[in-house]
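Trainee: The file below is model_11.txt, compact mmCIF, C-alpha atoms:
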# COMPACT_ATOMS: atom_id res chain seq x y z
CA MET Z 1 17.14 -13.17 5.21
CA GLN Z 2 17.14 -9.46 4.48
CA GLN Z 3 19.31 -7.46 6.86
CA LEU Z 4 17.47 -4.54 8.43
CA PRO Z 5 19.09 -1.09 8.13
CA PHE Z 6 18.43 -0.72 11.85
CA SER Z 7 16.19 -2.46 14.34
CA ILE Z 8 13.55 -1.28 16.79
CA ASP Z 9 11.94 -3.20 19.62
CA LEU Z 10 8.40 -4.29 18.74
CA THR Z 11 8.32 -7.18 21.21
CA ASN Z 12 4.74 -8.18 22.01
CA LYS Z 13 3.34 -5.55 19.65
CA VAL Z 14 0.50 -6.91 17.51
CA ALA Z 15 0.50 -5.80 13.89
CA VAL Z 16 -2.16 -6.30 11.23
CA VAL Z 17 -1.03 -6.00 7.60
CA THR Z 18 -3.78 -5.95 5.00
CA GLY Z 19 -2.78 -7.07 1.53
CA GLY Z 20 -0.05 -8.81 3.46
CA ALA Z 21 0.75 -11.43 0.84
CA GLY Z 22 1.84 -8.88 -1.75
CA VAL Z 23 5.45 -8.08 -2.58
CA LEU Z 24 5.69 -4.83 -0.62
CA CYS Z 25 3.34 -5.62 2.23
CA SER Z 26 4.85 -9.04 2.88
CA ALA Z 27 8.19 -7.24 3.21
CA PHE Z 28 6.58 -4.87 5.74
CA ALA Z 29 5.19 -7.82 7.67
CA LYS Z 30 8.55 -9.60 7.73
CA THR Z 31 10.27 -6.46 8.98
CA ILE Z 32 7.84 -6.19 11.89
CA ALA Z 33 8.26 -9.87 12.74
CA ARG Z 34 12.07 -9.53 12.73
CA CYS Z 35 11.71 -6.73 15.28
CA GLY Z 36 9.74 -8.99 17.61
CA GLY Z 37 6.21 -8.07 16.60
CA LYS Z 38 3.36 -10.55 16.30
CA VAL Z 39 1.99 -10.25 12.79
CA ALA Z 40 -1.38 -11.06 11.27
CA VAL Z 41 -1.06 -11.35 7.49
CA LEU Z 42 -4.46 -10.49 6.01
CA ASP Z 43 -5.21 -11.22 2.39
CA ARG Z 44 -8.09 -12.38 0.20
CA ASN Z 45 -5.75 -15.11 -1.02
CA GLU Z 46 -5.53 -17.30 2.06
CA GLU Z 47 -2.94 -19.65 0.56
CA ALA Z 48 -0.63 -16.75 -0.27
CA ALA Z 49 -1.13 -15.36 3.24
CA ARG Z 50 -0.22 -18.75 4.70
CA GLN Z 51 2.93 -18.85 2.63
CA ALA Z 52 3.99 -15.38 3.79
CA ALA Z 53 3.25 -16.21 7.42
CA GLY Z 54 5.14 -19.49 7.06
CA GLU Z 55 8.21 -17.70 5.77
CA MET Z 56 8.16 -15.46 8.85
CA ALA Z 57 7.75 -18.42 11.16
CA ALA Z 58 10.69 -20.15 9.45
CA GLU Z 59 12.81 -17.15 10.36
CA GLY Z 60 11.75 -17.39 14.00
CA GLY Z 61 8.99 -14.80 13.90
CA GLU Z 62 5.42 -15.09 15.12
CA ALA Z 63 2.86 -14.72 12.35
CA ILE Z 64 -0.57 -15.98 11.42
CA ALA Z 65 -2.49 -15.94 8.15
CA VAL Z 66 -6.03 -14.60 8.14
CA ALA Z 67 -8.31 -14.69 5.12
CA ALA Z 68 -10.16 -11.39 4.81
CA ASP Z 69 -11.88 -9.27 2.19
CA CYS Z 70 -11.24 -5.64 3.08
CA LEU Z 71 -14.37 -4.55 1.19
CA GLN Z 72 -16.66 -6.71 3.32
CA VAL Z 73 -17.55 -5.46 6.80
CA GLU Z 74 -18.51 -8.93 8.02
CA SER Z 75 -15.25 -10.44 6.76
CA LEU Z 76 -13.23 -7.75 8.51
CA ALA Z 77 -15.18 -8.19 11.75
CA ALA Z 78 -14.46 -11.92 11.70
CA ALA Z 79 -10.79 -11.23 10.96
CA ALA Z 80 -10.56 -8.73 13.83
CA ALA Z 81 -12.06 -11.26 16.23
CA GLU Z 82 -9.62 -13.94 15.05
CA VAL Z 83 -6.60 -11.66 15.38
CA GLU Z 84 -7.58 -10.63 18.90
CA ALA Z 85 -8.22 -14.22 19.97
CA ARG Z 86 -4.93 -15.53 18.57
CA LEU Z 87 -2.52 -12.60 19.00
CA GLY Z 88 -4.20 -9.89 21.06
CA VAL Z 89 -5.46 -6.36 20.46
CA PRO Z 90 -3.66 -4.66 17.55
CA ASP Z 91 -1.09 -1.94 18.20
CA ILE Z 92 -0.17 -1.45 14.54
CA LEU Z 93 -2.27 -1.43 11.37
CA ILE Z 94 -0.74 -1.25 7.92
CA ASN Z 95 -3.41 -0.62 5.29
CA GLY Z 96 -1.79 -2.16 2.25
CA ALA Z 97 -4.78 -3.69 0.47
CA GLY Z 98 -5.35 -2.00 -2.88
CA GLY Z 99 -4.64 -2.15 -6.57
CA ASN Z 100 -5.83 -1.23 -10.03
CA HIS Z 101 -8.14 -2.82 -12.61
CA PRO Z 102 -8.20 -2.70 -16.43
CA ARG Z 103 -11.78 -1.40 -16.36
CA GLY Z 104 -10.50 1.81 -14.75
CA THR Z 105 -7.73 2.23 -17.31
CA THR Z 106 -7.60 3.91 -20.72
CA ASP Z 107 -5.65 2.65 -23.71
CA ASP Z 108 -4.45 6.14 -24.67
CA GLU Z 109 -2.33 8.63 -22.77
CA GLN Z 110 -3.88 11.67 -24.46
CA LEU Z 111 -7.07 11.96 -26.47
CA ASP Z 112 -6.78 11.84 -30.23
CA PRO Z 113 -10.27 12.63 -31.54
CA ALA Z 114 -9.50 10.64 -34.68
CA ALA Z 115 -9.06 7.52 -32.55
CA LEU Z 116 -12.50 7.65 -30.95
CA GLY Z 117 -14.17 4.29 -31.35
CA THR Z 118 -10.95 2.43 -32.03
CA VAL Z 119 -9.33 2.43 -28.58
CA LYS Z 120 -10.62 2.69 -25.02
CA THR Z 121 -10.62 6.40 -24.17
CA PHE Z 122 -11.80 8.39 -21.19
CA PHE Z 123 -15.31 8.25 -22.65
CA ASP Z 124 -15.27 4.45 -22.58
CA LEU Z 125 -14.29 3.99 -18.94
CA ASP Z 126 -16.59 1.58 -17.15
CA PRO Z 127 -18.28 3.28 -14.15
CA ALA Z 128 -18.37 -0.03 -12.28
CA GLY Z 129 -14.66 -0.53 -12.92
CA MET Z 130 -13.85 2.97 -11.71
CA GLU Z 131 -15.95 2.40 -8.60
CA PHE Z 132 -14.25 -0.94 -7.92
CA VAL Z 133 -10.77 0.64 -7.94
CA LEU Z 134 -11.89 3.50 -5.71
CA HIS Z 135 -13.39 1.03 -3.26
CA LEU Z 136 -10.41 -1.32 -3.40
CA ASN Z 137 -8.07 1.44 -2.26
CA TYR Z 138 -10.06 4.07 -0.36
CA MET Z 139 -12.90 2.05 1.16
CA ALA Z 140 -10.60 -0.85 2.02
CA THR Z 141 -8.44 1.56 4.02
CA LEU Z 142 -11.44 3.10 5.74
CA LEU Z 143 -13.19 -0.19 6.56
CA ALA Z 144 -10.05 -1.93 7.83
CA THR Z 145 -9.35 1.04 10.09
CA GLN Z 146 -12.86 0.85 11.47
CA ALA Z 147 -12.40 -2.85 12.16
CA PHE Z 148 -8.96 -2.77 13.77
CA ALA Z 149 -8.45 0.69 15.29
CA ARG Z 150 -11.46 0.74 17.62
CA LYS Z 151 -9.58 -0.81 20.53
CA MET Z 152 -6.50 1.34 19.88
CA ALA Z 153 -8.44 4.38 21.06
CA GLY Z 154 -7.21 5.46 24.48
CA ARG Z 155 -4.43 2.86 24.62
CA GLY Z 156 -2.46 4.15 21.62
CA GLY Z 157 -1.79 2.84 18.17
CA ASN Z 158 0.02 3.37 14.92
CA ILE Z 159 -1.65 3.30 11.51
CA ILE Z 160 0.34 3.42 8.28
CA ASN Z 161 -1.56 3.69 5.02
CA ILE Z 162 -0.03 2.91 1.64
CA SER Z 163 -0.51 5.74 -0.82
CA SER Z 164 1.37 6.22 -4.09
CA MET Z 165 3.20 8.77 -6.18
CA ASN Z 166 0.01 8.76 -8.25
CA ALA Z 167 -1.51 10.78 -5.42
CA PHE Z 168 0.99 13.59 -6.07
CA ARG Z 169 1.21 13.38 -9.86
CA PRO Z 170 -1.47 11.35 -11.63
CA LEU Z 171 -0.09 8.96 -14.20
CA THR Z 172 -1.53 8.65 -17.68
CA LYS Z 173 -4.02 5.85 -18.39
CA ILE Z 174 -4.99 5.11 -14.75
CA PRO Z 175 -7.43 7.79 -13.52
CA ALA Z 176 -9.21 5.45 -11.11
CA TYR Z 177 -6.04 4.37 -9.31
CA SER Z 178 -4.56 7.86 -9.23
CA GLY Z 179 -7.76 9.32 -7.80
CA ALA Z 180 -8.11 6.51 -5.28
CA LYS Z 181 -4.59 6.97 -3.94
CA ALA Z 182 -5.10 10.74 -3.71
CA ALA Z 183 -8.14 9.92 -1.59
CA VAL Z 184 -6.02 7.63 0.62
CA SER Z 185 -3.56 10.48 1.22
CA ASN Z 186 -6.39 12.83 2.11
CA LEU Z 187 -7.96 10.24 4.41
CA THR Z 188 -4.58 9.81 6.12
CA GLN Z 189 -4.53 13.49 7.03
CA TRP Z 190 -8.17 13.44 8.12
CA MET Z 191 -7.69 10.42 10.36
CA ALA Z 192 -4.51 11.88 11.85
CA VAL Z 193 -6.48 14.87 13.10
CA TYR Z 194 -9.47 12.80 14.17
CA PHE Z 195 -7.49 10.24 16.16
CA ALA Z 196 -4.78 12.53 17.59
CA LYS Z 197 -6.26 12.91 21.08
CA ALA Z 198 -7.07 9.19 21.19
CA GLY Z 199 -3.33 8.42 21.04
CA ILE Z 200 -3.32 7.04 17.51
CA ARG Z 201 -0.81 8.30 14.95
CA VAL Z 202 -1.71 8.02 11.27
CA ASN Z 203 0.79 8.42 8.44
CA ALA Z 204 1.26 7.10 4.92
CA ILE Z 205 4.11 5.87 2.77
CA ALA Z 206 3.92 6.81 -0.91
CA PRO Z 207 6.13 4.44 -2.91
CA GLY Z 208 7.40 5.47 -6.30
CA PHE Z 209 7.96 2.74 -8.86
CA PHE Z 210 8.55 -0.75 -7.50
CA VAL Z 211 8.11 -3.99 -9.43
CA THR Z 212 5.22 -6.00 -7.96
CA ASN Z 213 3.10 -8.93 -9.04
CA GLN Z 214 0.38 -6.52 -10.15
CA ASN Z 215 2.47 -4.34 -12.43
CA ARG Z 216 5.16 -6.75 -13.65
CA THR Z 217 3.46 -7.47 -16.98
CA LEU Z 218 3.05 -3.75 -17.64
CA LEU Z 219 6.73 -3.08 -17.02
CA PHE Z 220 8.34 -6.05 -18.78
CA ASP Z 221 7.41 -8.11 -21.81
CA GLU Z 222 7.32 -11.92 -21.88
CA ASP Z 223 11.07 -12.04 -22.51
CA GLY Z 224 11.81 -9.80 -19.53
CA ARG Z 225 12.63 -6.75 -21.64
CA PRO Z 226 11.50 -3.31 -20.41
CA THR Z 227 8.35 -2.01 -22.03
CA ALA Z 228 7.99 1.48 -23.48
CA ARG Z 229 6.18 2.51 -20.28
CA THR Z 230 9.13 1.34 -18.21
CA GLU Z 231 11.47 3.45 -20.29
CA LYS Z 232 9.29 6.52 -19.67
CA ILE Z 233 9.13 5.80 -15.95
CA LEU Z 234 12.88 5.46 -15.59
CA ARG Z 235 13.48 8.65 -17.59
CA ALA Z 236 11.23 10.46 -15.12
CA THR Z 237 12.96 8.96 -12.08
CA PRO Z 238 16.23 10.84 -11.42
CA MET Z 239 17.84 7.76 -9.86
CA GLY Z 240 17.09 5.91 -13.10
CA ARG Z 241 15.88 2.62 -11.63
CA PHE Z 242 13.01 0.91 -9.83
CA GLY Z 243 12.97 0.82 -6.06
CA GLU Z 244 13.45 -2.38 -4.11
CA ALA Z 245 11.14 -3.46 -1.30
CA ARG Z 246 13.98 -3.28 1.22
CA GLU Z 247 14.31 0.44 0.49
CA LEU Z 248 10.95 1.07 2.16
CA THR Z 249 12.12 -0.58 5.37
CA GLY Z 250 13.84 2.42 6.93
CA THR Z 251 10.81 4.66 6.47
CA LEU Z 252 8.55 1.97 7.91
CA LEU Z 253 10.74 1.44 10.97
CA TRP Z 254 11.04 5.19 11.58
CA LEU Z 255 7.26 5.63 11.50
CA LEU Z 256 6.78 2.63 13.80
CA CYS Z 257 9.30 3.87 16.37
CA GLU Z 258 7.65 6.07 18.99
CA GLU Z 259 11.01 7.40 20.18
CA ALA Z 260 11.95 8.48 16.66
CA SER Z 261 8.64 9.71 15.23
CA GLY Z 262 6.30 10.10 18.18
CA PHE Z 263 5.37 13.66 17.13
CA VAL Z 264 4.85 12.73 13.48
CA THR Z 265 1.28 12.28 12.29
CA GLY Z 266 -0.65 13.23 9.17
CA THR Z 267 2.32 12.92 6.83
CA VAL Z 268 2.60 11.22 3.43
CA ILE Z 269 6.24 10.21 2.91
CA PRO Z 270 7.46 9.77 -0.70
CA VAL Z 271 10.00 7.01 -1.31
CA ASP Z 272 10.42 7.52 -5.02
CA GLY Z 273 13.99 7.97 -6.24
CA GLY Z 274 13.30 11.66 -6.86
CA PHE Z 275 10.26 11.18 -9.13
CA SER Z 276 8.15 13.77 -7.31
CA ALA Z 277 10.93 16.36 -7.47
CA TYR Z 278 11.62 16.09 -11.21
CA SER Z 279 9.84 18.39 -13.66
CA GLY Z 280 11.15 16.53 -16.68
CA VAL Z 281 13.58 19.26 -17.73
What is this structure when it is put down as structure tokens?
Mentor:
Amino acid sequence: MQQLPFSIDLTNKVAVVTGGAGVLCSAFAKTIARCGGKVAVLDRNEEAARQAAGEMAAEGGEAIAVAADCLQVESLAAAAAEVEARLGVPDILINGAGGNHPRGTTDDEQLDPAALGTVKTFFDLDPAGMEFVLHLNYMATLLATQAFARKMAGRGGNIINISSMNAFRPLTKIPAYSGAKAAVSNLTQWMAVYFAKAGIRVNAIAPGFFVTNQNRTLLFDEDGRPTARTEKILRATPMGRFGEARELTGTLLWLLCEEASGFVTGTVIPVDGGFSAYSGV
């Protein structure tokens, strides 16, 4: 069991974590459960959600798995009803559902006119693929907030969105994901203003480079050796390594603690090993 850097009291608090079966978001969910919160692990992959919830229960936490598609209003409405019936009205929402897709990705980092027609360039990006990535990140955050934050209004609540360093400095090859995460950061600020007088705080965590199930094959080859992209990433990260999921825990707990961050809303917190501060020279 991972030892928390510090603990806060979330006893009887109900937390919903979308994308909760992923590497980072399952770590968020486990942290909340270890602090006494009741956690609903939402994921399109119900079996993976059950496994994550089971791991929390094995550690003595209270957690349930809920199958949900964060791009489907009806699915989210059913999930919200299930969470309320089984755990109660949510106090915390972590919008972690998101990701990238090859159809929103170029093969090249910069355009070489001589290569047109031989590799997938900006001009070959699939509009449907671009739209899918934008929806998967931005619309999933918006729709899940509509589904779960309604009953927070007037009674208080805490929403944490998951942005990315791509929102600050777009990475080569992934214009859809970079743009989508920039939109999530902007939406975080918008919602913070909109919900402020309703007692709901809204912030975002922007992780730098962490190894997840989605990016593992891009960062390491079949033999576990770093790829050329990994080498570039680590050169651009002053701390010279990938982050570990546990290193997001302190920021999460701080944002969840009303005594520590009760006047904090509308922020996007980088946790990136110095990536956003480094100009490359």
Trainee: Each residue of range 168-222 of chain Z lying at most 8 Å from range 253-271 of chain Z should get a row with its shortest atom-to-atom pair and the distance in Å to one decimal, counting only C-alpha atoms; could you produce that, ordered by chain and increasing number, as a tab-separated table?
Mentor:
residue	atom	partner	partner_atom	distance
Z:Ser185	CA	Z:Val268	CA	6.6
Z:Thr188	CA	Z:Gly266	CA	6.0
Z:Gln189	CA	Z:Gly266	CA	4.4
Z:Trp190	CA	Z:Gly266	CA	7.6
Z:Met191	CA	Z:Gly266	CA	7.7
Z:Ala192	CA	Z:Gly266	CA	4.9
Z:Val193	CA	Z:Gly266	CA	7.2
Z:Arg201	CA	Z:Thr265	CA	5.2
Z:Val202	CA	Z:Thr265	CA	5.3
Z:Asn203	CA	Z:Thr267	CA	5.0
Z:Ala204	CA	Z:Val268	CA	4.6
Z:Ile205	CA	Z:Ile269	CA	4.8
Z:Ala206	CA	Z:Pro270	CA	4.6
Z:Pro207	CA	Z:Val271	CA	4.9
Z:Gly208	CA	Z:Val271	CA	5.8
Trainee: Would you put the residues from that selection into a file with C-alpha atoms, as a compact mmCIF listing (two decimals), in the coordinates of the input?
Mentor:
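That gives us result.txt:
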# COMPACT_ATOMS: atom_id res chain seq x y z
CA SER Z 185 -3.56 10.48 1.22
CA THR Z 188 -4.58 9.81 6.12
CA GLN Z 189 -4.53 13.49 7.03
CA TRP Z 190 -8.17 13.44 8.12
CA MET Z 191 -7.69 10.42 10.36
CA ALA Z 192 -4.51 11.88 11.85
CA VAL Z 193 -6.48 14.87 13.10
CA ARG Z 201 -0.81 8.30 14.95
CA VAL Z 202 -1.71 8.02 11.27
CA ASN Z 203 0.79 8.42 8.44
CA ALA Z 204 1.26 7.10 4.92
CA ILE Z 205 4.11 5.87 2.77
CA ALA Z 206 3.92 6.81 -0.91
CA PRO Z 207 6.13 4.44 -2.91
CA GLY Z 208 7.40 5.47 -6.30
Trainee: If you count only C-alpha atoms, which residues fall within 12 Å of range 175-179 of chain Z, apart from same-chain ones fewer than 4 positions away, as a VMD selection string?
Mentor: chain Z and resid 98 to 109 121 to 122 125 to 138 163 to 171 183 to 186 206
Trainee: Around (10.1, -7.0, 17.9), as given in the file, which residues come within 7 Å? Count all atoms listed in the file and list them as a count of residues only.
Mentor: 11
Trainee: One number please: CA of Asp91 in chain Z to CA of Arg150 in chain Z, in Å, one decimal.
Mentor: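 Between CA of Asp91 in chain Z and CA of Arg150 in chain Z the gap is 10.7 Å.
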Trainee: Have a look at Z:Gly240, Z:Ala65, Z:Arg86, Z:Ala79 and name the one nearest to Ala144 in chain Z; count only C-alpha atoms.
Mentor: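 Smallest distance to Ala144 in chain Z is found for Z:Ala79.
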Trainee: Rounded to one decimal in Å, what is the spacing between CA of Met139 in chain Z and CA of Phe123 in chain Z?
Mentor: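 Value for the CA of Met139 in chain Z-CA of Phe123 in chain Z distance: 24.7 Å.
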